[in-house]
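Engineer: Just one file: input.pdb, with PDB, C-alpha atoms.
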ATOM      1  CA  MET O  24     -10.717  -1.894  -7.322
ATOM      2  CA  LEU O  25      -8.503  -0.312  -4.647
ATOM      3  CA  GLU O  26     -11.368   2.061  -3.904
ATOM      4  CA  GLN O  27     -13.623  -0.921  -3.099
ATOM      5  CA  LEU O  28     -11.079  -2.266  -0.626
ATOM      6  CA  LEU O  29     -10.744   1.179   0.947
ATOM      7  CA  GLU O  30     -14.532   1.307   1.364
ATOM      8  CA  SER O  31     -14.419  -2.085   3.046
ATOM      9  CA  VAL O  32     -11.661  -0.949   5.401
ATOM     10  CA  LYS O  33     -13.552   2.278   6.106
ATOM     11  CA  SER O  34     -16.577   0.195   7.117
ATOM     12  CA  GLU O  35     -14.369  -2.004   9.275
ATOM     13  CA  VAL O  36     -12.368   0.639  11.189
ATOM     14  CA  GLY O  37     -13.896   4.000  10.244
ATOM     15  CA  GLY O  38     -16.111   4.116  13.318
ATOM     16  CA  GLN O  39     -13.175   3.452  15.640
ATOM     17  CA  ILE O  40     -11.145   6.164  13.950
ATOM     18  CA  GLY O  41     -13.977   8.725  13.982
ATOM     19  CA  ASN O  42     -14.764   8.090  17.634
ATOM     20  CA  SER O  43     -11.182   8.327  18.823
ATOM     21  CA  SER O  44      -9.907  11.301  16.847
ATOM     22  CA  GLY O  45     -12.628  13.938  17.033
ATOM     23  CA  LEU O  46     -12.630  14.510  13.276
ATOM     24  CA  PRO O  47     -14.756  17.157  11.637
ATOM     25  CA  ALA O  48     -17.505  16.126   9.227
ATOM     26  CA  GLY O  49     -16.020  14.616   6.096
ATOM     27  CA  GLY O  50     -12.788  13.795   7.876
ATOM     28  CA  ILE O  51     -13.216  10.044   7.491
ATOM     29  CA  GLU O  52     -13.542  10.437   3.713
ATOM     30  CA  GLN O  53     -10.363  12.500   3.590
ATOM     31  CA  ILE O  54      -8.510   9.972   5.732
ATOM     32  CA  PHE O  55      -9.298   7.039   3.482
ATOM     33  CA  SER O  56      -8.659   9.048   0.338
ATOM     34  CA  SER O  57      -5.249   9.936   1.754
ATOM     35  CA  LEU O  58      -4.571   6.313   2.696
ATOM     36  CA  GLY O  59      -5.331   5.220  -0.859
ATOM     37  CA  GLU O  60      -2.992   7.852  -2.305
ATOM     38  CA  VAL O  61      -0.104   6.922  -0.014
ATOM     39  CA  VAL O  62      -0.479   3.165  -0.455
ATOM     40  CA  LYS O  63      -0.760   3.419  -4.227
ATOM     41  CA  GLN O  64       2.253   5.712  -4.456
ATOM     42  CA  GLU O  65       4.465   3.527  -2.250
ATOM     43  CA  VAL O  66       3.411   0.180  -3.707
ATOM     44  CA  THR O  67       3.604   1.250  -7.356
ATOM     45  CA  GLY O  68       6.974   2.876  -6.669
ATOM     46  CA  GLN O  69       8.235  -0.392  -5.214
ATOM     47  CA  MET O  70       6.827  -2.384  -8.139
ATOM     48  CA  LEU O  71       8.416  -0.080 -10.698
ATOM     49  CA  SER O  72      11.731  -0.273  -8.828
ATOM     50  CA  GLY O  73      11.829  -4.037  -9.304
ATOM     51  CA  ASN O  74      10.785  -4.917  -5.761
ATOM     52  CA  MET O  75       7.766  -7.004  -6.728
ATOM     53  CA  SER O  76       8.835  -9.941  -4.536
ATOM     54  CA  HIS O  77       8.859  -7.664  -1.478
ATOM     55  CA  VAL O  78       5.439  -6.254  -2.366
ATOM     56  CA  MET O  79       4.097  -9.769  -2.840
ATOM     57  CA  ASN O  80       5.540 -10.777   0.526
ATOM     58  CA  LEU O  81       3.849  -7.824   2.239
ATOM     59  CA  PHE O  82       0.487  -8.862   0.799
ATOM     60  CA  SER O  83       0.807 -12.565   1.631
ATOM     61  CA  ASP O  84       0.069 -14.753   4.630
ATOM     62  CA  LYS O  85       3.794 -15.400   5.043
ATOM     63  CA  PRO O  86       5.832 -13.598   7.706
ATOM     64  CA  ASN O  87       7.129 -10.283   6.411
ATOM     65  CA  THR O  88      10.711 -10.013   5.265
ATOM     66  CA  ASP O  89      12.696  -6.995   6.416
ATOM     67  CA  GLN O  90      12.040  -5.401   3.028
ATOM     68  CA  ALA O  91       8.272  -5.937   3.318
ATOM     69  CA  ASP O  92       8.388  -4.446   6.821
ATOM     70  CA  ALA O  93      10.192  -1.428   5.350
ATOM     71  CA  ILE O  94       7.448  -0.972   2.749
ATOM     72  CA  GLN O  95       4.795  -1.147   5.485
ATOM     73  CA  SER O  96       6.764   1.353   7.559
ATOM     74  CA  ASN O  97       7.004   3.709   4.567
ATOM     75  CA  ILE O  98       3.245   3.464   4.070
ATOM     76  CA  HIS O  99       2.611   4.152   7.758
ATOM     77  CA  SER O 100       4.980   7.137   7.977
ATOM     78  CA  GLY O 101       3.810   8.603   4.651
ATOM     79  CA  PHE O 102       0.204   8.308   5.776
ATOM     80  CA  VAL O 103       0.963   9.953   9.141
ATOM     81  CA  GLU O 104       2.763  12.798   7.382
ATOM     82  CA  ASN O 105      -0.143  13.207   4.965
ATOM     83  CA  LEU O 106      -2.689  13.359   7.804
ATOM     84  CA  MET O 107      -0.645  15.945   9.653
ATOM     85  CA  ASN O 108      -0.059  18.123   6.569
ATOM     86  CA  LYS O 109      -3.429  17.837   4.826
ATOM     87  CA  LEU O 110      -5.806  17.518   7.778
ATOM     88  CA  GLY O 111      -3.819  19.340  10.433
ATOM     89  CA  LEU O 112      -4.000  16.403  12.830
ATOM     90  CA  SER O 113      -1.449  15.958  15.578
ATOM     91  CA  GLU O 114       1.262  13.333  15.237
ATOM     92  CA  GLU O 115      -0.274  11.326  18.093
ATOM     93  CA  ILE O 116      -3.738  11.230  16.515
ATOM     94  CA  SER O 117      -2.270  10.551  13.055
ATOM     95  CA  ASN O 118      -0.232   7.624  14.387
ATOM     96  CA  GLY O 119      -3.330   6.234  16.109
ATOM     97  CA  ILE O 120      -5.310   6.431  12.872
ATOM     98  CA  ALA O 121      -2.488   4.857  10.857
ATOM     99  CA  GLY O 122      -2.135   2.112  13.466
ATOM    100  CA  LYS O 123      -5.715   1.045  12.741
ATOM    101  CA  ALA O 124      -6.109   1.826   9.043
ATOM    102  CA  VAL O 125      -2.803   0.626   7.554
ATOM    103  CA  PRO O 126      -2.924  -2.939   8.954
ATOM    104  CA  ALA O 127      -6.612  -3.210   8.042
ATOM    105  CA  LEU O 128      -5.884  -2.218   4.427
ATOM    106  CA  ILE O 129      -2.885  -4.550   4.209
ATOM    107  CA  ASN O 130      -5.088  -7.392   5.458
ATOM    108  CA  ALA O 131      -7.778  -6.527   2.891
ATOM    109  CA  VAL O 132      -5.240  -6.478   0.045
ATOM    110  CA  THR O 133      -3.774  -9.759   1.326
ATOM    111  CA  ARG O 134      -7.221 -11.385   1.266
ATOM    112  CA  HIS O 135      -7.749 -10.109  -2.284
ATOM    113  CA  ASN O 136      -4.301 -11.320  -3.360
ATOM    114  CA  SER O 137      -4.842 -14.791  -1.885
ATOM    115  CA  SER O 138      -7.303 -15.609  -4.686
ATOM    116  CA  THR O 139      -4.356 -16.648  -6.876
ATOM    117  CA  PRO O 140      -1.178 -18.715  -6.345
ATOM    118  CA  ASP O 141       1.598 -17.086  -4.304
ATOM    119  CA  ASN O 142       3.709 -16.421  -7.393
ATOM    120  CA  ASP O 143       0.928 -14.663  -9.348
ATOM    121  CA  PRO O 144       1.128 -10.874  -9.012
ATOM    122  CA  SER O 145      -1.887 -10.173 -11.258
ATOM    123  CA  PRO O 146      -4.263  -9.195  -8.403
ATOM    124  CA  LEU O 147      -1.736  -6.604  -7.226
ATOM    125  CA  HIS O 148      -1.233  -5.243 -10.735
ATOM    126  CA  GLU O 149      -5.013  -4.987 -11.020
ATOM    127  CA  LEU O 150      -5.375  -3.190  -7.675
ATOM    128  CA  PHE O 151      -2.567  -0.713  -8.159
ATOM    129  CA  GLY O 152      -2.971  -0.106 -11.878
ATOM    130  CA  THR O 153       0.448  -1.330 -12.915
ATOM    131  CA  SER O 154       1.209  -3.291 -16.013
ATOM    132  CA  GLY O 155       1.756  -7.008 -15.740
ATOM    133  CA  ASN O 156       4.748  -6.550 -18.068
ATOM    134  CA  LEU O 157       6.997  -4.909 -15.475
ATOM    135  CA  GLY O 158       9.340  -7.891 -15.310
ATOM    136  CA  ALA O 159       9.790  -7.994 -19.067
ATOM    137  CA  ILE O 160      10.339  -4.244 -19.240
ATOM    138  CA  GLU O 161      12.813  -4.380 -16.357
ATOM    139  CA  ASN O 162      14.769  -7.232 -17.959
ATOM    140  CA  ALA O 163      14.895  -5.417 -21.310
ATOM    141  CA  ALA O 164      16.142  -2.231 -19.651
ATOM    142  CA  LYS O 165      18.838  -4.137 -17.734
ATOM    143  CA  SER O 166      19.912  -5.848 -20.931
ATOM    144  CA  ILE O 167      20.195  -2.561 -22.818
ATOM    145  CA  LEU O 168      21.967  -0.795 -19.962
ATOM    146  CA  GLY O 169      24.298  -3.760 -19.515
ATOM    147  CA  LYS O 170      25.520  -3.328 -23.081
ATOM    148  CA  PHE O 171      26.411   0.312 -22.422
ATOM    149  CA  LEU O 172      28.071  -0.384 -19.100
ATOM    150  CA  SER O 173      30.272  -3.251 -20.237
TER
END
Please, can you express the file's structure as structure tokens?

Structural biologist:
Amino acid sequence: MLEQLLESVKSEVGGQIGNSSGLPAGGIEQIFSSLGEVVKQEVTGQMLSGNMSHVMNLFSDKPNTDQADAIQSNIHSGFVENLMNKLGLSEEISNGIAGKAVPALINAVTRHNSSTPDNDPSPLHELFGTSGNLGAIENAAKSILGKFLS
């Protein structure tokens, strides 16, 4: 499902990115593959760390909280680093690409997530391949750890 959104974003901003960065053939594919990797890694990491409310805020029509802004910043900087390391692009070009691609993907995920009520994380679990049971697992782990720590 995330791959479909990445294809949509590639159609939306891929031409702008290709024209402005002088990429070699196949570069656009690598860029969007890298974007998918970075976003999935950051978002699933946040979900598994118990930060689902911040992830949901990032992918909502509400103004971002500071924590949601931090997640977006982590995605942006991780993507820039990935482009520089994997594709050998300069920091300036990588930042320009990220400045177009990251907001476009966040908007696409937000549109997808808006198909359910604000408190329903199921579209995000579906997109990022995480279990819908994270809250229950987290609560069980806290309960068990609490017994050892008290």

Engineer: I'd like the contact shell of range 109-121 of chain O - 12 Å cut-off, all atoms listed in the file, skipping same-chain residues fewer than 4 positions apart - returned as number ranges by chain.

Structural biologist: O: 33, 36-58, 61-62, 95-105, 125-129

Engineer: Would you compute the distance between CA of Leu106 in chain O and CA of Gly122 in chain O? Give it in Å to one decimal.

Structural biologist: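 Computing the Euclidean distance for CA of Leu106 in chain O and CA of Gly122 in chain O yields 12.6 Å.
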
Engineer: With all atoms listed in the file as the basis for distance, which of O:Val132, O:Glu65, O:Val32, O:Met107 is at the shortest distance from Pro144 in chain O?

Structural biologist: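 Looking at the shortest contact to Pro144 in chain O, the residue is O:Val132.
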
Engineer: Pick from O:Leu150, O:Asp141, O:Asn130, O:Asn136: nearest to Ser31 in chain O, with all atoms listed in the file counted?

Structural biologist: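 Smallest separation from Ser31 in chain O among the options: O:Asn130.
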
Engineer: Could you state the separation of CA of Lys63 in chain O and CA of Ile94 in chain O in Å, given to one decimal place?

Structural biologist: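 Answer for the CA of Lys63 in chain O to CA of Ile94 in chain O separation: 11.6 Å.
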
Engineer: Between O:Asp89, O:Thr67, O:Asn108, O:Ala131, which has the minimum distance to Leu29 in chain O (counting all atoms listed in the file)?

Structural biologist: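 Ranked by minimum distance to Leu29 in chain O, first place goes to O:Ala131.
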
Engineer: Determine the nearest neighbour of Thr139 in chain O from the options O:Phe82, O:Phe151, O:Lys123, O:Gln90, counting only C-alpha atoms.

Structural biologist: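 Counting only C-alpha atoms, the residue closest to Thr139 in chain O is O:Phe82.
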
Engineer: Might you spell out which residues the PyMOL selection byres ((chain O and resi 142) around 12) would select in the displayed file, as a PyMOL selection string?

Structural biologist: chain O and resi 75-80+82-83+136-141+143-147

Engineer: Hey, can I get the axis-aligned box for range 47-65 of chain O? All listed atoms, 6 Å padding on each side, centre and edge lengths in Å to one decimal, as lines of an AutoDock Vina configuration file.

Structural biologist:
center_x = -6.5
center_y = 10.2
center_z = 3.6
size_x = 34.0
size_y = 26.0
size_z = 28.1

Engineer: Please report the interatomic distance between CA of Met70 in chain O and CA of Asn87 in chain O in Å with one decimal.

Structural biologist: 16.6 Å
